[in-house]
Amino acid sequence: MMDITRKLEILADAAKYDASCASSGAARKDSRGSKGVGSTGGAGICHSYTPDGRCVSLLKVLMTNACLYDCHYCINRRSSNVTRARFTPDEVVQLTLDFYKRNYIEGLFLSSGIIRSADHTMELVIEVARKLREVHQFRGYIHLKTIPEASQELIAQAGRYADRISINVELPSQQSLNTLAPEKNLARTESAMGHIRGKIDERYAEKRKPDAPKPPPFATGQSTQMLVGADASTDAVILGCADKLYTAHRLRRVYYSAFSPIPEPSAILPLKAPPLIREHRLYQADWLLRFYDFKVEEIASAAAPHLDLALDPKLSWALRNRATFPVDVNKAPRELLLRIPGLGVRNVERIVRARRYTGLRLADLIRLRLQMKKLLPFITAVDHHPAKLGLDSDSLRARFLPPPEQLEINFGAPPAPAATDFLSVRSGEL
Amino acid sequence: MRTIVIEPEYEAWRAAARSLLAQGVAPEEVLWTDDSQESSLFVREEPTVAAAEQGASAIKVPAAFMDMARSAAAHTDARRWGMLYRVLWRLTRGAERHLLAMATDRDVRQLQDWCKAVGRDIHKMHAFVRFRLVGTDAATGREQFVAWFEPEHRIVRLATPFFEKRFAGMDWSILTPYECAHWDGTRLHFTAGVSRSSAPDEDALDDLWRTYYRNIFNPARVKISAMQSEMPKKYWKNLPEASLIASLIAESTGRVQGMLETEERAAKPAPNNAYLKSLHAMNQNEAAAQNHESDPA
Ligand code: SF4
């Protein structure tokens with residue numbers, strides 16, 4: 001009989017390849033008036049950080065790391081020789097409550113290798129969530145991984161207890177799945193996501209019409225993860241897939257996870273980890289799609305399907321579209337301000353508000369702590385009119401390239417755009 | 001020039017500021033100081049309460065300013081009281097009602113910086129407080145926890161309502177050097193600060209937590225700077241897991257090397273499992289259907 005420490009070692013190690021650690025975006029609830037603990041609804045909290053720079057906000061474990069599937073990028077696949085372990089539902093419940101009460105974590109992210117069948121596995125995972133909610137009045141964050149092939153009733157049940165549910169697409173095409181994850185199927189994953197979206201929409205529709213019959217409670221969001229660098233998919237294909245998921249199934253987040261070495265390598269997927277900077281650029285591009293109104297084709301097209309690893313995608317777009325610049329920070333509409341390299345959403349708002357009362361000068365922008373060096377060639381202000389010449393010059397790109405040594409350092413540790421909720425690794429379970 | 005001495009609390013500043021504003025005292029004429037930096041050089045002058053009452057209702061400021069003031073007041077910078085009064089003056093007497101929309105203004109920027117630092121400190125307190133189980137109340141059966149935390153700013157009252165909501169079902173105290181907060185299931189109350197030795201050092205669960213921390217770390221992607229920018233070293237001494245950081249970093253290269261040297265494993269055939277068989281059949285059907293669709297004939 002394995003003790004709880006040994007099980008935790010194995011089943012946390014097995015879960016660490018899932019990049020998702022978000023604990024925000026849940027409905028507001030808290031423990032006041034109950035005998036239990038737990039609250040959700042604010043910004044997510046990172047309770048700790050490990051030396052890989054990733055945030056620890058949830059107890060992220062697998063129910064079991066035994067698995068029928070054979071996904072070649074995964075340490076838990078049936079061909080792996082890893083030691084197997086299995087928690088009982090009560091063990092996970094107890095660990096979650098004990099950790100939560102000490103403020104080590106703010107919730108549970110539970111997943112599992114697939115044993116016996118999709119439904120059987122889902123039942124195990126759901127049982128933990130049910131006990132936490134119903135027996136212990138736990139109001140903390142719960143994220144459950146679901147299996148596309150599980151029955152709709154079970155997915156509805158999972159969503160009833162969870163704040164977030166997710167299914168990993170893993171790879172952006174069926175062709176890649178056929179080679180690397182032969183049991184997985186993109187069409188079934190998407191249809192399950194569509195079903196989940198329907199449930200989430202119902203939840204929000206209920207808020208608009210108070211007189212309509214109340215649908216059962218359901219999670220507030222779904223997310224997914226895609227592996228980067230394990231197959232030949234280009235950035236354009238990856239971003240295209242993400243964009244489709246955002247629009248068709250309204251996902252909260254797509255996580256990108258650079259494939260990284262695992263202790264039990266597969267012969268089918270030899271080790272060749274992609275540079276982490278690629279994952280970082282994908283996150284930046286994803287940000288542009290979601291918050292800056294960029295279209296996939298503007299960032300990565302069939303003609304130029306890969307992101308520039310040396311420059312961030314917005315700067316890279318600006319250099320390819322120099323005719324758009326310089327942009328007048330005192331007059332340009334918000335959409336255009338959002339296109340300026342080095343100017344984020346928050347500072348665009350500040351500029352729009354402040355310029356109602358004053359003509360903005362460089363000193364004002366410096367006080368906003370903007371990245372002036374990046375900004376200057378692309379804007380005009382009351383006291384700044386860059387020579388068109390600067391924008392036309394061939395050396396402009398070179399000016400933004402990091403010096404070679406620094407570039408290498410950055411490969412190891414790219415500055416995260418919004419570090420807290422997506423620093424990630426390779427995919428894991430379900 | 002007059003010197004105003006107040007308790008280092010938002011309410012005290014607010015009362016004094018109202019009174020001064022009602023009297024039409026310009027910011028340049030006031031020197032603010034609070035008890036925390038009290039010195040015999042200063043002559044105490046209590047704000048006149050009567051003056052505060054008169055005309056106080058006539059002062060209208062944007063709600064956003066009150067929020068900012070409450071938060072900036074918790075900062076430890078000695079200049080905050082004077083700066084808050086100056087911005088209040090500009091918003092009202094100075095007829096710059098739009099001032100807060102000007103993130104480009106020096107004073108506004110300074111207040112925002114203080115608010116941001118206070119907000120970050122509150123957030124870190126929510127993250128890095130570690131409760132230790134000290135017992136169970138014999139009468140109520142409620143578990144009792146105690147935590148020690150060293151905030152940078154005076155944030156205990158701003159940060160603790162969060163803990164009340166999150167940990168309503170247990171009794172807890174959070175001890176800090178300048179103020180302590182206590183929750184007993186019905187009431188949140190505050191007492192004076194204590195020293196580190198008043199709080200327990202460990203919890204029986206800390207070892208299991210360290211087990212988790214060690215195993216959720218991925219040695220294949222060490223990014224120390226990302227960790228330290230979010231979890232600065234000053235917090236480490238009160239975090240049970242931080243004792244592992246040095247060894248995890250030191251061992252990571254060897255562990256990755258070990259992975260790279262491991263012999264690749266061949267794929268194992270599928271076991272005889274009914275579900276897996278049905279899955280493979282489903283996949284084949286779908287593939288066949290797809291081929292058919294794309295077949296122009
Ligand atoms: S990714 Fe999930 S389904 Fe695939 S082998 Fe790993 S645990 Fe099993």
# chains A, B, ... in the order shown; residues from 1 in each chain; ligands from 1
call {"tool": "residues_near_ligand", "arguments": {"ligand": "ligand 1", "cutoff": "8 Å", "atoms": "only C-alpha atoms and all ligand atoms", "output": "list in words"}}
result
Asn65, Ala66, Cys67, Leu68, Tyr69, Asp70, Cys71, His72, Tyr73, Cys74, Ile75, Asn76, Arg77, Arg78, Ser112, Gly113, Ile114, Ala181, Glu183, Lys184, Ser427, Gly428, Glu429 and Leu430 of chain A
call {"tool": "closest_atom_pairs", "arguments": {"of": "chain B", "to": "chain A", "cutoff": "7 Å", "atoms": "only C-alpha atoms", "output": "CSV"}}
result
residue,atom,partner,partner_atom,distance
B:Ala101,CA,A:Ala354,CA,5.7
B:Met102,CA,A:Ala354,CA,4.7
B:Ala103,CA,A:Arg350,CA,6.1
B:Thr104,CA,A:Asp364,CA,5.0
B:Ala127,CA,A:His47,CA,4.5
B:Phe128,CA,A:His47,CA,6.0
B:Val129,CA,A:Asn103,CA,6.6
B:Arg130,CA,A:Arg102,CA,5.5
B:Phe131,CA,A:Arg102,CA,4.4
B:Arg132,CA,A:Arg102,CA,6.3
B:Lys165,CA,A:Asp30,CA,5.5
B:Arg166,CA,A:Gly38,CA,4.7
B:Phe167,CA,A:Val37,CA,4.9
B:Ala168,CA,A:Arg32,CA,5.2
B:Gly169,CA,A:Lys35,CA,4.4
B:Leu208,CA,A:Thr5,CA,6.4
B:Thr211,CA,A:Glu9,CA,6.4
B:Tyr212,CA,A:Ala12,CA,6.4
B:Asn215,CA,A:Asp13,CA,4.9
B:Ile216,CA,A:Lys16,CA,5.2
B:Phe217,CA,A:Thr50,CA,5.8
B:Asn218,CA,A:Asp52,CA,6.2
B:Pro219,CA,A:Asp52,CA,6.9
B:Ala220,CA,A:Pro261,CA,6.7
B:Arg221,CA,A:Asp52,CA,5.4
B:Val222,CA,A:Asp52,CA,4.1
B:Lys223,CA,A:Asp52,CA,4.6
B:Ile224,CA,A:Pro51,CA,5.2
B:Ala226,CA,A:Gly53,CA,4.6
B:Met227,CA,A:Gly53,CA,4.1
B:Met231,CA,A:Tyr49,CA,6.6
B:Ile245,CA,A:Pro51,CA,6.6
B:Ile249,CA,A:Pro51,CA,6.7
B:Met259,CA,A:Pro263,CA,4.6
B:Glu264,CA,A:Ala267,CA,4.9
B:Arg265,CA,A:Ser266,CA,4.9
B:Ala266,CA,A:Ala267,CA,5.3
B:Ala267,CA,A:Ser79,CA,5.4
B:Lys268,CA,A:Ser79,CA,4.9
B:Tyr275,CA,A:Ser117,CA,5.5
B:Leu279,CA,A:Glu183,CA,6.8
B:His280,CA,A:Glu183,CA,6.7
B:Asn283,CA,A:Asn185,CA,7.0
call {"tool": "select_by_dssp", "arguments": {"residues": "segment 64-181 of chain A", "states": "strand (DSSP E or B)", "output": "list in words"}}
result
Thr64, Arg86, Gly107, Leu108, Phe109, Leu110, Ser111, Tyr141, Ile142, His143, Leu144, Lys145, Arg164, Ile165, Ser166 and Glu170 of chain A
call {"tool": "write_last_selection", "arguments": {"atoms": "N, CA and C atoms", "output": "compact mmCIF listing (two decimals), in the first residue's frame"}}
result
# COMPACT_ATOMS: atom_id res chain seq x y z
N THR A 64 -5.45 9.29 -11.26
CA THR A 64 -4.51 8.19 -11.47
C THR A 64 -3.68 8.51 -12.69
N ARG A 86 -2.69 5.67 -7.68
CA ARG A 86 -4.09 6.06 -7.79
C ARG A 86 -4.59 6.59 -6.45
N GLY A 107 -7.56 26.29 -4.78
CA GLY A 107 -8.51 25.39 -5.41
C GLY A 107 -7.84 24.13 -5.91
N LEU A 108 -8.63 23.37 -6.67
CA LEU A 108 -8.20 22.07 -7.16
C LEU A 108 -8.32 22.03 -8.68
N PHE A 109 -7.29 21.51 -9.32
CA PHE A 109 -7.36 21.22 -10.75
C PHE A 109 -7.19 19.72 -10.88
N LEU A 110 -8.28 19.03 -11.16
CA LEU A 110 -8.24 17.57 -11.15
C LEU A 110 -8.43 17.01 -12.55
N SER A 111 -7.55 16.08 -12.85
CA SER A 111 -7.58 15.43 -14.14
C SER A 111 -7.31 13.96 -13.89
N TYR A 141 -12.08 27.23 -5.79
CA TYR A 141 -12.08 27.04 -7.23
C TYR A 141 -11.89 25.56 -7.58
N ILE A 142 -12.69 25.08 -8.50
CA ILE A 142 -12.49 23.71 -9.00
C ILE A 142 -12.44 23.73 -10.52
N HIS A 143 -11.37 23.17 -11.05
CA HIS A 143 -11.22 23.01 -12.49
C HIS A 143 -11.18 21.50 -12.76
N LEU A 144 -12.10 21.02 -13.57
CA LEU A 144 -12.11 19.60 -13.92
C LEU A 144 -11.79 19.41 -15.38
N LYS A 145 -10.91 18.48 -15.64
CA LYS A 145 -10.63 18.10 -17.02
C LYS A 145 -11.71 17.11 -17.41
N ARG A 164 -14.49 25.80 -13.76
CA ARG A 164 -13.95 25.78 -15.12
C ARG A 164 -13.85 24.34 -15.56
N ILE A 165 -14.17 24.06 -16.82
CA ILE A 165 -13.87 22.74 -17.33
C ILE A 165 -13.07 22.87 -18.61
N SER A 166 -12.31 21.84 -18.92
CA SER A 166 -11.47 21.94 -20.10
C SER A 166 -11.31 20.59 -20.77
N GLU A 170 -4.77 19.47 -27.78
CA GLU A 170 -3.42 18.91 -27.92
C GLU A 170 -2.70 19.29 -29.20
call {"tool": "closest_residue", "arguments": {"among": "A:Met193, A:Ala303, A:Leu177, A:Met2", "to": "Gln152 of chain A", "atoms": "only C-alpha atoms"}}
result
A:Met193
call {"tool": "residues_around", "arguments": {"residues": "His75 of chain B", "least_positions_apart": "3", "cutoff": "8 Å", "atoms": "only C-alpha atoms", "output": "ChimeraX atom specification"}}
result
/B:71-72,80,114-115,117-118,153-154
call {"tool": "atom_distance", "arguments": {"atom1": "atom CA of Met66 of chain B", "atom2": "atom CA of Arg187 of chain B"}}
result
25.6 Å
call {"tool": "decode", "arguments": {"residues": "segment 261-277 of chain A", "atoms": "N, CA and C atoms", "output": "compact mmCIF listing (two decimals), in the first residue's frame"}}
result
# COMPACT_ATOMS: atom_id res chain seq x y z
N PRO A 261 11.28 17.91 -22.80
CA PRO A 261 11.68 16.53 -22.54
C PRO A 261 10.95 15.93 -21.34
N ILE A 262 10.64 14.64 -21.40
CA ILE A 262 10.03 13.95 -20.27
C ILE A 262 10.91 12.76 -19.90
N PRO A 263 10.76 12.27 -18.68
CA PRO A 263 11.61 11.17 -18.24
C PRO A 263 11.44 9.87 -19.03
N GLU A 264 10.31 9.69 -19.73
CA GLU A 264 10.08 8.43 -20.44
C GLU A 264 9.87 8.71 -21.92
N PRO A 265 10.94 9.07 -22.64
CA PRO A 265 10.76 9.50 -24.03
C PRO A 265 10.22 8.39 -24.93
N SER A 266 9.49 8.79 -25.95
CA SER A 266 8.91 7.81 -26.88
C SER A 266 9.76 7.73 -28.14
N ALA A 267 9.80 6.53 -28.72
CA ALA A 267 10.56 6.34 -29.95
C ALA A 267 9.90 7.08 -31.12
N ILE A 268 8.59 7.26 -31.01
CA ILE A 268 7.86 7.92 -32.10
C ILE A 268 8.07 9.43 -32.07
N LEU A 269 8.38 9.96 -30.90
CA LEU A 269 8.54 11.40 -30.77
C LEU A 269 9.89 11.70 -30.13
N PRO A 270 10.95 11.63 -30.93
CA PRO A 270 12.28 11.84 -30.36
C PRO A 270 12.40 13.25 -29.79
N LEU A 271 13.26 13.40 -28.81
CA LEU A 271 13.41 14.68 -28.13
C LEU A 271 14.01 15.73 -29.03
N LYS A 272 13.29 16.79 -29.22
CA LYS A 272 13.85 17.97 -29.87
C LYS A 272 12.98 19.13 -29.42
N ALA A 273 13.21 19.56 -28.21
CA ALA A 273 12.37 20.60 -27.64
C ALA A 273 12.49 21.87 -28.47
N PRO A 274 11.36 22.53 -28.78
CA PRO A 274 11.40 23.78 -29.53
C PRO A 274 11.89 24.89 -28.60
N PRO A 275 12.41 25.99 -29.15
CA PRO A 275 12.82 27.08 -28.26
C PRO A 275 11.59 27.61 -27.50
N LEU A 276 11.78 27.87 -26.22
CA LEU A 276 10.65 28.36 -25.41
C LEU A 276 10.14 29.69 -25.93
N ILE A 277 11.00 30.41 -26.63
CA ILE A 277 10.59 31.72 -27.14
C ILE A 277 9.42 31.57 -28.12
